[in-house]
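S.K.: Structure file target-v4.csv, CSV, C-alpha atoms, is pasted below:
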```csv
chain,number,residue,atom,x,y,z
B,19,MET,CA,12.3,17.3,0.2
B,20,SER,CA,15.8,18.5,0.9
B,21,GLU,CA,18.2,19.6,-1.8
B,22,TYR,CA,21.2,18.4,0.2
B,23,GLY,CA,22.6,21.9,0.9
B,24,ALA,CA,23.2,20.5,4.4
B,25,LEU,CA,23.3,16.9,5.5
B,26,GLN,CA,19.8,15.8,6.5
B,27,HIS,CA,20.7,12.2,7.2
B,28,GLU,CA,21.4,10.6,10.5
B,29,GLU,CA,24.0,8.2,9.2
B,30,VAL,CA,25.6,7.4,5.9
B,31,VAL,CA,28.1,4.5,5.5
B,32,ILE,CA,30.1,4.2,2.3
B,33,ARG,CA,32.3,1.2,2.0
B,34,ARG,CA,34.2,-0.8,-0.6
B,35,GLY,CA,33.1,-4.4,-0.2
B,36,ARG,CA,36.0,-6.4,1.2
B,37,ARG,CA,35.0,-9.5,-0.9
B,38,SER,CA,33.5,-7.9,-4.0
B,39,GLY,CA,35.3,-4.6,-4.2
B,40,ALA,CA,31.9,-3.0,-5.0
B,41,ALA,CA,31.0,0.5,-3.9
B,42,ILE,CA,28.2,0.1,-1.3
B,43,THR,CA,26.3,2.9,0.4
B,44,VAL,CA,23.9,2.5,3.2
B,45,ALA,CA,22.0,5.8,4.0
B,46,VAL,CA,19.8,6.2,7.0
B,47,HIS,CA,17.8,9.3,6.7
B,48,SER,CA,15.7,9.2,9.9
B,49,ARG,CA,14.9,7.0,12.9
B,50,THR,CA,12.4,9.4,14.4
B,51,LEU,CA,9.5,7.1,14.0
B,52,GLY,CA,11.5,3.9,14.6
B,53,PRO,CA,14.1,1.7,13.0
B,54,ALA,CA,15.0,2.6,9.5
B,55,VAL,CA,13.8,0.3,6.7
B,56,GLY,CA,14.7,0.3,3.0
B,57,GLY,CA,15.6,-1.9,0.1
B,58,CYS,CA,18.9,-3.0,-1.4
B,59,ARG,CA,19.4,-1.7,-4.9
B,60,ILE,CA,22.0,-3.2,-7.2
B,61,TRP,CA,22.3,-0.9,-10.3
B,62,THR,CA,24.8,0.6,-12.7
B,63,TYR,CA,25.9,4.2,-12.3
B,64,PRO,CA,28.4,6.5,-14.0
B,65,SER,CA,30.3,6.7,-10.7
B,66,TRP,CA,30.0,5.4,-7.1
B,67,ARG,CA,29.1,9.0,-6.1
B,68,ASP,CA,26.0,8.8,-8.2
B,69,GLY,CA,25.1,5.6,-6.3
B,70,THR,CA,25.6,7.4,-3.0
B,71,ALA,CA,23.4,10.3,-4.1
B,72,ASP,CA,20.7,7.9,-5.1
B,73,ALA,CA,20.9,6.1,-1.8
B,74,MET,CA,20.5,9.4,0.0
B,75,ARG,CA,17.5,10.5,-2.1
B,76,LEU,CA,15.8,7.1,-1.8
B,77,SER,CA,16.3,6.9,1.9
B,78,GLU,CA,14.7,10.3,2.4
B,79,ALA,CA,11.8,9.2,0.3
B,80,MET,CA,11.5,6.1,2.5
B,81,THR,CA,11.2,8.3,5.6
B,82,TYR,CA,8.3,10.2,4.0
B,83,LYS,CA,6.8,6.9,2.7
B,84,CYS,CA,6.7,5.3,6.2
B,85,ALA,CA,5.5,8.5,7.8
B,86,ALA,CA,2.7,9.1,5.3
B,87,ALA,CA,1.6,5.5,5.7
B,88,GLY,CA,1.4,5.8,9.4
B,89,LEU,CA,4.2,3.2,10.0
B,90,GLU,CA,6.5,3.3,13.0
B,91,TYR,CA,9.6,3.1,11.0
B,92,GLY,CA,12.1,5.5,9.5
B,93,GLY,CA,13.8,5.6,6.1
B,94,GLY,CA,17.0,4.0,4.8
B,95,LYS,CA,18.4,2.6,1.6
B,96,THR,CA,21.3,0.4,0.4
B,97,VAL,CA,22.8,1.0,-3.0
B,98,VAL,CA,25.5,-1.2,-4.6
B,99,ALA,CA,26.9,1.0,-7.4
B,100,LEU,CA,28.1,-1.0,-10.4
B,101,PRO,CA,30.3,0.5,-13.1
B,102,MET,CA,28.4,0.9,-16.4
B,103,GLY,CA,28.4,-2.3,-18.5
B,104,THR,CA,29.1,-4.6,-15.5
B,105,VAL,CA,28.0,-8.2,-16.0
B,106,LEU,CA,27.5,-9.9,-12.6
B,107,THR,CA,28.6,-13.5,-12.2
B,108,PRO,CA,26.8,-15.6,-9.5
B,109,GLN,CA,29.9,-15.6,-7.3
B,110,VAL,CA,30.5,-11.8,-7.5
B,111,ARG,CA,26.8,-11.3,-6.8
B,112,HIS,CA,26.9,-13.5,-3.7
B,113,ASP,CA,30.1,-11.7,-2.5
B,114,MET,CA,28.3,-8.4,-2.9
B,115,LEU,CA,25.4,-9.5,-0.8
B,116,LEU,CA,27.6,-10.8,1.9
B,117,ASP,CA,29.4,-7.4,1.9
B,118,VAL,CA,26.0,-5.7,2.2
B,119,ALA,CA,25.0,-8.1,5.0
B,120,GLU,CA,28.1,-7.1,7.0
B,121,ILE,CA,27.2,-3.5,6.8
B,122,VAL,CA,23.6,-4.1,7.8
B,123,ALA,CA,24.7,-6.2,10.7
B,124,GLY,CA,26.7,-3.3,12.0
B,125,PHE,CA,23.5,-1.3,12.5
B,126,ASP,CA,22.3,-3.9,15.0
B,127,GLY,CA,18.7,-3.6,14.1
B,128,SER,CA,18.4,0.2,13.7
B,129,TYR,CA,18.4,-0.4,9.9
B,130,CYS,CA,16.6,-3.4,8.2
B,131,VAL,CA,17.0,-4.2,4.6
B,132,GLY,CA,14.6,-5.7,2.0
B,133,PRO,CA,14.6,-6.1,-1.8
B,134,ASP,CA,14.7,-3.3,-4.3
B,135,VAL,CA,15.7,-2.9,-8.0
B,136,GLY,CA,18.2,-5.6,-8.8
B,137,THR,CA,17.5,-7.8,-5.8
B,138,GLY,CA,14.8,-10.2,-4.6
B,139,PRO,CA,13.7,-12.6,-1.9
B,140,ASP,CA,16.5,-15.1,-2.6
B,141,ASP,CA,19.0,-12.4,-2.0
B,142,MET,CA,17.5,-11.6,1.3
B,143,MET,CA,18.2,-15.2,2.3
B,144,VAL,CA,21.9,-14.7,1.6
B,145,ILE,CA,21.8,-11.6,3.8
B,146,ARG,CA,19.9,-13.5,6.5
B,147,ASP,CA,22.8,-15.9,6.8
B,148,VAL,CA,24.8,-13.1,8.3
B,149,THR,CA,22.2,-10.9,10.1
B,150,PRO,CA,18.5,-11.3,11.1
B,151,TYR,CA,17.7,-7.8,9.8
B,152,SER,CA,16.4,-8.6,6.3
B,153,PHE,CA,12.8,-8.8,5.1
B,154,CYS,CA,10.9,-10.4,2.2
B,155,LEU,CA,12.4,-13.8,2.5
B,156,PRO,CA,10.9,-16.5,0.2
B,157,GLN,CA,7.6,-17.8,1.4
B,158,GLU,CA,9.0,-21.3,1.9
B,159,HIS,CA,11.4,-19.8,4.4
B,160,GLY,CA,8.7,-18.0,6.4
B,161,GLY,CA,8.8,-14.6,4.6
B,162,THR,CA,6.3,-12.8,2.4
B,163,GLY,CA,8.2,-13.3,-0.8
B,164,SER,CA,8.2,-10.6,-3.5
B,165,SER,CA,6.5,-7.3,-2.5
B,166,GLY,CA,5.4,-6.7,-6.1
B,167,THR,CA,1.8,-7.9,-5.5
B,168,PRO,CA,1.1,-5.7,-2.4
B,169,THR,CA,2.8,-2.8,-4.1
B,170,ALA,CA,0.5,-3.2,-7.1
B,171,LEU,CA,-2.4,-3.5,-4.7
B,172,GLY,CA,-1.5,-0.1,-3.2
B,173,VAL,CA,-1.1,1.6,-6.6
B,174,GLN,CA,-4.6,0.3,-7.5
B,175,ALA,CA,-6.0,1.8,-4.3
B,176,ALA,CA,-4.3,5.1,-5.2
B,177,LEU,CA,-5.7,4.9,-8.7
B,178,ARG,CA,-9.3,4.5,-7.5
B,179,ALA,CA,-9.0,7.7,-5.4
B,180,GLY,CA,-7.2,9.6,-8.2
B,181,ALA,CA,-9.7,8.5,-10.8
B,182,ARG,CA,-12.6,9.7,-8.7
B,183,HIS,CA,-10.9,13.0,-8.2
B,184,VAL,CA,-10.1,13.5,-11.9
B,185,PHE,CA,-12.8,11.6,-13.8
B,186,GLY,CA,-15.6,11.5,-11.3
B,187,SER,CA,-15.6,7.7,-11.1
B,188,GLU,CA,-13.1,5.2,-9.8
B,189,SER,CA,-13.6,3.0,-12.9
B,190,LEU,CA,-10.9,3.1,-15.5
B,191,SER,CA,-12.9,1.0,-17.9
B,192,GLY,CA,-12.5,2.3,-21.5
B,193,ARG,CA,-9.7,4.6,-20.4
B,194,ARG,CA,-6.2,4.5,-21.9
B,195,VAL,CA,-3.5,3.7,-19.3
B,196,VAL,CA,0.1,3.9,-20.2
B,197,ILE,CA,2.4,1.9,-17.9
B,198,ALA,CA,6.0,2.9,-18.2
B,199,GLY,CA,7.9,-0.2,-16.9
B,200,PHE,CA,6.8,-3.8,-17.5
B,201,GLY,CA,8.5,-5.4,-14.5
B,202,SER,CA,7.1,-7.2,-11.5
B,203,VAL,CA,4.8,-4.4,-10.5
B,204,GLY,CA,4.0,-3.0,-13.9
B,205,SER,CA,3.0,-6.3,-15.3
B,206,ARG,CA,0.7,-7.0,-12.4
B,207,LEU,CA,-0.9,-3.6,-12.8
B,208,ALA,CA,-1.3,-4.2,-16.6
B,209,ALA,CA,-3.1,-7.5,-16.0
B,210,ASP,CA,-5.4,-6.1,-13.3
B,211,LEU,CA,-6.3,-2.9,-15.1
B,212,SER,CA,-6.9,-4.7,-18.4
B,213,ALA,CA,-9.2,-7.1,-16.6
B,214,GLN,CA,-11.1,-4.0,-15.4
B,215,GLY,CA,-11.6,-2.9,-18.9
B,216,ALA,CA,-8.8,-0.3,-19.3
B,217,MET,CA,-7.0,0.0,-22.6
B,218,VAL,CA,-3.5,-0.8,-21.5
B,219,VAL,CA,-0.3,0.4,-23.3
B,220,VAL,CA,3.1,-0.6,-21.8
B,221,SER,CA,6.7,0.1,-22.4
B,222,ASP,CA,10.0,-1.2,-21.1
B,223,VAL,CA,13.7,-0.7,-21.8
B,224,ASP,CA,13.9,-4.5,-22.3
B,225,ASP,CA,12.6,-4.9,-25.9
B,226,GLN,CA,12.3,-8.6,-25.3
B,227,LYS,CA,9.2,-7.9,-23.3
B,228,ARG,CA,7.4,-6.5,-26.3
B,229,ALA,CA,6.3,-10.0,-27.4
B,230,GLU,CA,5.0,-10.8,-23.9
B,231,ALA,CA,3.0,-7.6,-23.8
B,232,LYS,CA,1.5,-8.1,-27.2
B,233,ASN,CA,0.6,-11.7,-26.5
B,234,ALA,CA,-1.3,-10.4,-23.4
B,235,GLY,CA,-3.2,-8.0,-25.6
B,236,TYR,CA,-1.6,-4.8,-24.5
B,237,GLY,CA,-0.4,-2.0,-26.7
B,238,TRP,CA,3.3,-1.3,-26.9
B,239,VAL,CA,5.2,2.0,-27.1
B,240,ASP,CA,9.0,2.5,-27.0
B,241,PRO,CA,10.3,3.9,-23.7
B,242,ASP,CA,11.3,7.2,-25.2
B,243,ARG,CA,7.7,7.7,-26.4
B,244,ALA,CA,5.9,6.6,-23.2
B,245,LEU,CA,5.6,10.0,-21.7
B,246,LEU,CA,4.6,11.5,-25.1
B,247,THR,CA,1.7,9.2,-25.6
B,248,PRO,CA,-1.7,10.8,-25.0
B,249,ALA,CA,-3.5,8.9,-22.3
B,250,ASP,CA,-6.0,9.2,-19.5
B,251,VAL,CA,-3.5,7.8,-16.9
B,252,LEU,CA,0.2,7.5,-16.8
B,253,VAL,CA,1.7,5.0,-14.5
B,254,PRO,CA,5.5,5.4,-14.0
B,255,ALA,CA,6.6,1.9,-12.9
B,256,ALA,CA,10.3,1.8,-13.7
B,257,VAL,CA,13.2,4.1,-12.7
B,258,GLY,CA,12.8,7.6,-11.2
B,259,GLY,CA,13.6,11.1,-12.6
B,260,VAL,CA,11.1,10.8,-15.5
B,261,LEU,CA,9.1,13.9,-14.6
B,262,ASN,CA,11.2,17.1,-15.3
B,263,PRO,CA,10.4,20.5,-16.8
B,264,ARG,CA,11.0,19.2,-20.3
B,265,SER,CA,8.9,16.0,-20.0
B,266,VAL,CA,6.1,17.8,-18.2
B,267,ALA,CA,5.8,20.3,-21.1
B,268,ALA,CA,5.2,17.4,-23.5
B,269,LEU,CA,2.7,15.5,-21.4
B,270,ASP,CA,-0.9,15.0,-22.5
B,271,VAL,CA,-2.4,13.2,-19.5
B,272,PRO,CA,-4.6,14.4,-16.7
B,273,LEU,CA,-3.6,11.8,-14.0
B,274,ILE,CA,-0.2,10.4,-13.0
B,275,ILE,CA,0.0,7.7,-10.4
B,276,GLY,CA,2.7,5.0,-10.2
B,277,PRO,CA,5.1,3.0,-8.0
B,278,ALA,CA,8.5,4.2,-9.4
B,279,ASN,CA,10.5,6.0,-6.7
B,280,ASN,CA,11.6,9.6,-7.0
B,281,GLN,CA,9.6,10.4,-10.1
B,282,VAL,CA,10.2,14.2,-10.1
B,283,THR,CA,13.6,15.6,-10.5
B,284,SER,CA,12.8,18.4,-8.0
B,285,ASP,CA,9.9,19.4,-5.9
B,286,SER,CA,9.2,22.4,-8.2
B,287,VAL,CA,8.1,19.9,-10.9
B,288,ALA,CA,5.0,19.2,-8.8
B,289,GLN,CA,3.9,22.8,-9.3
B,290,LEU,CA,4.6,22.6,-13.0
B,291,LEU,CA,2.3,19.5,-13.2
B,292,ALA,CA,-0.4,21.3,-11.3
B,293,ASP,CA,-0.2,24.4,-13.5
B,294,ALA,CA,-0.5,22.1,-16.5
B,295,GLY,CA,-3.7,20.6,-15.1
B,296,THR,CA,-2.2,17.2,-14.4
B,297,VAL,CA,-2.9,15.6,-11.0
B,298,TRP,CA,0.3,13.8,-9.8
B,299,VAL,CA,0.1,11.8,-6.6
B,300,PRO,CA,3.6,11.5,-5.0
B,301,ASP,CA,5.3,8.1,-5.4
B,302,PHE,CA,6.1,7.9,-1.7
B,303,VAL,CA,2.4,7.7,-1.1
B,304,THR,CA,1.4,5.4,-3.9
B,305,SER,CA,4.2,2.9,-3.7
B,306,ALA,CA,3.9,2.2,0.0
B,307,GLY,CA,1.9,-1.0,-0.4
B,308,GLY,CA,4.9,-3.3,-0.3
B,309,VAL,CA,6.5,-2.0,2.9
B,310,ILE,CA,3.1,-1.7,4.6
B,311,TYR,CA,2.3,-5.4,3.8
B,312,VAL,CA,5.7,-6.8,4.6
B,313,LEU,CA,6.0,-5.1,7.9
B,314,SER,CA,2.4,-5.9,8.8
B,315,ARG,CA,3.0,-9.6,8.1
B,316,GLU,CA,6.6,-10.2,9.1
B,317,VAL,CA,6.8,-7.9,12.1
B,318,GLY,CA,3.2,-7.3,13.1
B,319,GLY,CA,2.1,-10.9,12.7
B,320,LEU,CA,-1.0,-10.0,10.7
B,321,ASP,CA,-2.6,-12.5,8.3
B,322,HIS,CA,-2.9,-11.8,4.6
B,323,GLU,CA,-6.4,-10.3,4.8
B,324,ALA,CA,-5.6,-7.9,7.6
B,325,ALA,CA,-2.3,-6.8,6.0
B,326,ALA,CA,-4.0,-6.3,2.6
B,327,LYS,CA,-6.6,-4.1,4.3
B,328,ARG,CA,-3.9,-1.8,5.6
B,329,VAL,CA,-2.5,-1.6,2.1
B,330,GLU,CA,-5.9,-0.6,0.7
B,331,ALA,CA,-6.0,2.3,3.2
B,332,ILE,CA,-3.7,4.1,0.7
B,333,GLU,CA,-7.0,5.0,-1.0
B,334,GLU,CA,-8.1,7.0,2.0
B,335,THR,CA,-4.7,8.7,2.2
B,336,VAL,CA,-4.8,9.8,-1.5
B,337,ASP,CA,-8.4,11.0,-1.1
B,338,SER,CA,-7.3,13.1,1.9
B,339,VAL,CA,-4.3,14.7,0.2
B,340,LEU,CA,-6.2,15.4,-3.1
B,341,ASP,CA,-9.1,17.0,-1.2
B,342,ALA,CA,-6.7,19.1,0.9
B,343,ALA,CA,-4.8,20.2,-2.2
B,344,ARG,CA,-8.0,21.2,-4.0
B,345,THR,CA,-9.3,23.1,-1.0
B,346,ALA,CA,-6.0,24.9,-0.2
B,347,GLY,CA,-5.0,25.5,-3.8
B,348,THR,CA,-1.7,23.6,-3.2
B,349,THR,CA,-0.3,20.5,-4.7
B,350,PRO,CA,-0.7,16.8,-3.7
B,351,LEU,CA,3.1,16.8,-3.0
B,352,HIS,CA,2.7,19.7,-0.6
B,353,GLU,CA,-0.1,18.0,1.3
B,354,SER,CA,1.6,14.6,1.3
B,355,MET,CA,4.7,16.1,2.8
B,356,ALA,CA,2.7,18.0,5.3
B,357,LEU,CA,1.0,14.8,6.4
B,358,ALA,CA,4.3,13.1,6.8
B,359,GLU,CA,5.9,16.0,8.6
B,360,ARG,CA,3.1,16.2,11.1
B,361,ARG,CA,3.6,12.6,12.1
B,362,LEU,CA,7.4,13.1,12.3
B,363,SER,CA,7.0,16.2,14.4
B,364,THR,CA,4.6,14.5,16.7
B,365,ALA,CA,6.9,11.5,17.2
B,366,ALA,CA,9.9,13.8,17.8
B,367,ALA,CA,8.0,15.7,20.5
B,368,GLU,CA,7.1,12.6,22.4
```
Step by step, read the file and then write its structure as structure tokens.

M.R.:
Amino acid sequence: MSEYGALQHEEVVIRRGRRSGAAITVAVHSRTLGPAVGGCRIWTYPSWRDGTADAMRLSEAMTYKCAAAGLEYGGGKTVVALPMGTVLTPQVRHDMLLDVAEIVAGFDGSYCVGPDVGTGPDDMMVIRDVTPYSFCLPQEHGGTGSSGTPTALGVQAALRAGARHVFGSESLSGRRVVIAGFGSVGSRLAADLSAQGAMVVVSDVDDQKRAEAKNAGYGWVDPDRALLTPADVLVPAAVGGVLNPRSVAALDVPLIIGPANNQVTSDSVAQLLADAGTVWVPDFVTSAGGVIYVLSREVGGLDHEAAAKRVEAIEETVDSVLDAARTAGTTPLHESMALAERRLSTAAAE
């Protein structure tokens, strides 16, 4: 992906919310395949510039995610950058969402927003009061609700393909799986993989989740030890940037597949992983279950079964990129990007 030596994005809006005063960035990377889609992230950053940089990285990843998944949508992202240590009151949060909604409305349908880290279906209802271009509304209001379940379904599909490639069988029964991040997706994966016989170890920055994990029968490791724990599979399911030259050198795991966005700090890390004998499937492929499911249901009008089947097609995509990487002696990242870029090039030529 681009290193931002030149602007690769079609449009970037940076605005100080007129109600909340918050620094809000909406980055649209590409509309080559169709209207841009991407979640609204409310998070703390050292400065608003870091929030803008995150929005640009995440929106580019959304372009590749949609393209690799065969969706007719482009990539965008909204980031509300909060100063470190910010404590949100309900009123300030509501004001922020209205400020976001005004910006989204200005795109007039060429960018549509959904939930991301720090937001959920109820927040999309606040945005919907201002503009129709929000997804993942609560089910009682006609939406699909949280995208956590279909995202986890897609990660499991990717894990089946990855396990076959690395271990010769899609079963993870008896294998140690470390899940770094015990949130909405990580907790679903932990429950499902444990039920399948995997030895699940979890971590989270919220130490209060330790008791919940232990009550469920999972092992626990502190977050700063998660990537240092020997395992058969590592599932990054929290924030990005965890795979870098230093962390890769300390890894003792043959397979990494997870839903966290922007897991590698640079594309060169993918080669370091391959050189170390670790198979890493890019997050923009493995985490696509949520957007596939939501768009299939809320825009495509498919029922649950048909939408879930589309999500499970991630298994075929991962099979394809892993086979291609093995045959060509490249990395799964290279082949995943090539797949996405072929679809983008075809659409641009039409």

S.K.: Once you count only C-alpha atoms, which residues end up no further than 7 Å from (9.5, 14.5, -3.1) in the file's frame, shown as an MDAnalysis selection string?

M.R.: chainID B and resid 19 79 280 285 300 351

S.K.: Leaving out stretch 236-242 of chain B and any residue of its chain fewer than 5 positions from it, which residues lie within 6 Å of it when counting all atoms listed in the file, given as a list in words?

M.R.: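 These residues fall inside the cut-off: Val218, Val219, Val220, Ser221, Asp222 and Ala231 of chain B.
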
S.K.: B:Thr43: which residues within 6 Å, counting only C-alpha atoms, same-chain residues fewer than 4 positions away excluded, as a compact mmCIF listing (two decimals) with C-alpha atoms, keeping the file's coordinate frame?

M.R.:
```
# COMPACT_ATOMS: atom_id res chain seq x y z
CA VAL B 31 28.10 4.50 5.50
CA ILE B 32 30.10 4.20 2.30
CA THR B 70 25.60 7.40 -3.00
CA THR B 96 21.30 0.40 0.40
CA VAL B 97 22.80 1.00 -3.00
```

S.K.: Which of these, B:Gly201, B:His352, B:Glu158, B:Thr335, has the shortest distance to B:Ser286 once you count all atoms listed in the file?

M.R.: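 Counting all atoms listed in the file, the residue closest to B:Ser286 is B:His352.
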
S.K.: Report as a PyMOL selection string all protein, DNA and RNA residues lying within 10 Å of B:Asp113, evaluated on only C-alpha atoms, omitting residues in the same chain fewer than 2 positions from it.

M.R.: chain B and resi 35-40+107-111+115-119+144

S.K.: Between B:Val282, B:Leu291, B:Ala213, B:Val184, which residue has the minimum interatomic distance to B:Val251, considering only C-alpha atoms?

M.R.: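 Closest candidate: B:Val184.
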
S.K.: Please identify all polymer residues within 10 Å of B:Thr296, counting only C-alpha atoms, omitting same-chain residues fewer than 2 positions from it, and present them as a PDB file with C-alpha atoms, in the coordinates of the input.

M.R.:
```
ATOM      1  CA  VAL B 184     -10.100  13.500 -11.900  1.00  0.00           C
ATOM      2  CA  VAL B 251      -3.500   7.800 -16.900  1.00  0.00           C
ATOM      3  CA  VAL B 266       6.100  17.800 -18.200  1.00  0.00           C
ATOM      4  CA  LEU B 269       2.700  15.500 -21.400  1.00  0.00           C
ATOM      5  CA  ASP B 270      -0.900  15.000 -22.500  1.00  0.00           C
ATOM      6  CA  VAL B 271      -2.400  13.200 -19.500  1.00  0.00           C
ATOM      7  CA  PRO B 272      -4.600  14.400 -16.700  1.00  0.00           C
ATOM      8  CA  LEU B 273      -3.600  11.800 -14.000  1.00  0.00           C
ATOM      9  CA  ILE B 274      -0.200  10.400 -13.000  1.00  0.00           C
ATOM     10  CA  ALA B 288       5.000  19.200  -8.800  1.00  0.00           C
ATOM     11  CA  GLN B 289       3.900  22.800  -9.300  1.00  0.00           C
ATOM     12  CA  LEU B 290       4.600  22.600 -13.000  1.00  0.00           C
ATOM     13  CA  LEU B 291       2.300  19.500 -13.200  1.00  0.00           C
ATOM     14  CA  ALA B 292      -0.400  21.300 -11.300  1.00  0.00           C
ATOM     15  CA  ASP B 293      -0.200  24.400 -13.500  1.00  0.00           C
ATOM     16  CA  ALA B 294      -0.500  22.100 -16.500  1.00  0.00           C
ATOM     17  CA  TRP B 298       0.300  13.800  -9.800  1.00  0.00           C
ATOM     18  CA  VAL B 299       0.100  11.800  -6.600  1.00  0.00           C
TER      19      VAL B 299
END
```

S.K.: If you measure from atom CA of B:Glu368 to atom CA of B:Gly318, what distance in Å do you get, rounded to one decimal?

M.R.: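 Value for the atom CA of B:Glu368-atom CA of B:Gly318 distance: 22.3 Å.
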
S.K.: Between atom CA of B:Tyr82 and atom CA of B:Ala249, what is the spacing in Å?

M.R.: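 We find that atom CA of B:Ala249 and atom CA of B:Tyr82 lie 28.9 Å from each other.
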
S.K.: Using all atoms listed in the file, list the residues that have an atom at most 10 Å from (15.8, 7.5, -0.6), coordinates as in the file, as a PDB file with C-alpha atoms, keeping the file's coordinate frame.

M.R.:
```pdb
ATOM      1  CA  ALA B  45      22.000   5.800   4.000  1.00  0.00           C
ATOM      2  CA  VAL B  46      19.800   6.200   7.000  1.00  0.00           C
ATOM      3  CA  HIS B  47      17.800   9.300   6.700  1.00  0.00           C
ATOM      4  CA  GLY B  56      14.700   0.300   3.000  1.00  0.00           C
ATOM      5  CA  GLY B  57      15.600  -1.900   0.100  1.00  0.00           C
ATOM      6  CA  ALA B  71      23.400  10.300  -4.100  1.00  0.00           C
ATOM      7  CA  ASP B  72      20.700   7.900  -5.100  1.00  0.00           C
ATOM      8  CA  ALA B  73      20.900   6.100  -1.800  1.00  0.00           C
ATOM      9  CA  MET B  74      20.500   9.400   0.000  1.00  0.00           C
ATOM     10  CA  ARG B  75      17.500  10.500  -2.100  1.00  0.00           C
ATOM     11  CA  LEU B  76      15.800   7.100  -1.800  1.00  0.00           C
ATOM     12  CA  SER B  77      16.300   6.900   1.900  1.00  0.00           C
ATOM     13  CA  GLU B  78      14.700  10.300   2.400  1.00  0.00           C
ATOM     14  CA  ALA B  79      11.800   9.200   0.300  1.00  0.00           C
ATOM     15  CA  MET B  80      11.500   6.100   2.500  1.00  0.00           C
ATOM     16  CA  THR B  81      11.200   8.300   5.600  1.00  0.00           C
ATOM     17  CA  TYR B  82       8.300  10.200   4.000  1.00  0.00           C
ATOM     18  CA  LYS B  83       6.800   6.900   2.700  1.00  0.00           C
ATOM     19  CA  GLY B  93      13.800   5.600   6.100  1.00  0.00           C
ATOM     20  CA  GLY B  94      17.000   4.000   4.800  1.00  0.00           C
ATOM     21  CA  LYS B  95      18.400   2.600   1.600  1.00  0.00           C
ATOM     22  CA  THR B  96      21.300   0.400   0.400  1.00  0.00           C
ATOM     23  CA  VAL B  97      22.800   1.000  -3.000  1.00  0.00           C
ATOM     24  CA  ASN B 279      10.500   6.000  -6.700  1.00  0.00           C
ATOM     25  CA  ASN B 280      11.600   9.600  -7.000  1.00  0.00           C
ATOM     26  CA  PHE B 302       6.100   7.900  -1.700  1.00  0.00           C
TER      27      PHE B 302
END
```

S.K.: Which neighbours of stretch 170-173 of chain B fall inside 9 Å, counting all atoms listed in the file, when residues of the same chain fewer than 4 positions from it are skipped, and could you give them as a list in words?

M.R.: Ser165, Gly166, Leu177, Arg178, Ser202, Val203, Gly204, Arg206, Leu207, Ile275, Gly276, Pro277, Val303, Thr304, Ser305, Ala306, Gly307, Gly308, Ala326, Val329, Glu330, Ala331, Ile332 and Glu333 of chain B

S.K.: Ranking B:Ser338, B:Thr169, B:Ser128, B:Ser354 by minimum distance to B:Ser152 and counting only C-alpha atoms, which one comes first?

M.R.: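 Ranked by minimum distance to B:Ser152, first place goes to B:Ser128.
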
S.K.: Between atom CA of B:Ala175 and atom CA of B:Pro133, measure the distance and give it in Å to one decimal.

M.R.: 22.2 Å

S.K.: Considering all atoms listed in the file, can you say which of B:Ala54, B:Ala87, B:Leu261, B:Ile121 comes closest to B:Met355?

M.R.: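 Counting all atoms listed in the file, the residue closest to B:Met355 is B:Ala87.
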
S.K.: Return as JSON the centre and edge lengths, in Å with one decimal, of the box along x, y and z that encloses every atom of stretch 112-125 of chain B in the file, padded by 4 Å per side.

M.R.:
```
{"center_x": 26.8, "center_y": -7.4, "center_z": 4.4, "size_x": 14.6, "size_y": 20.2, "size_z": 24.2}
```

S.K.: Would you please work out which residue, of B:Asp301, B:Asp224, B:Glu334, B:Asp321, is nearest to B:Arg182 when using all atoms listed in the file?

M.R.: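 Nearest to B:Arg182: B:Glu334.
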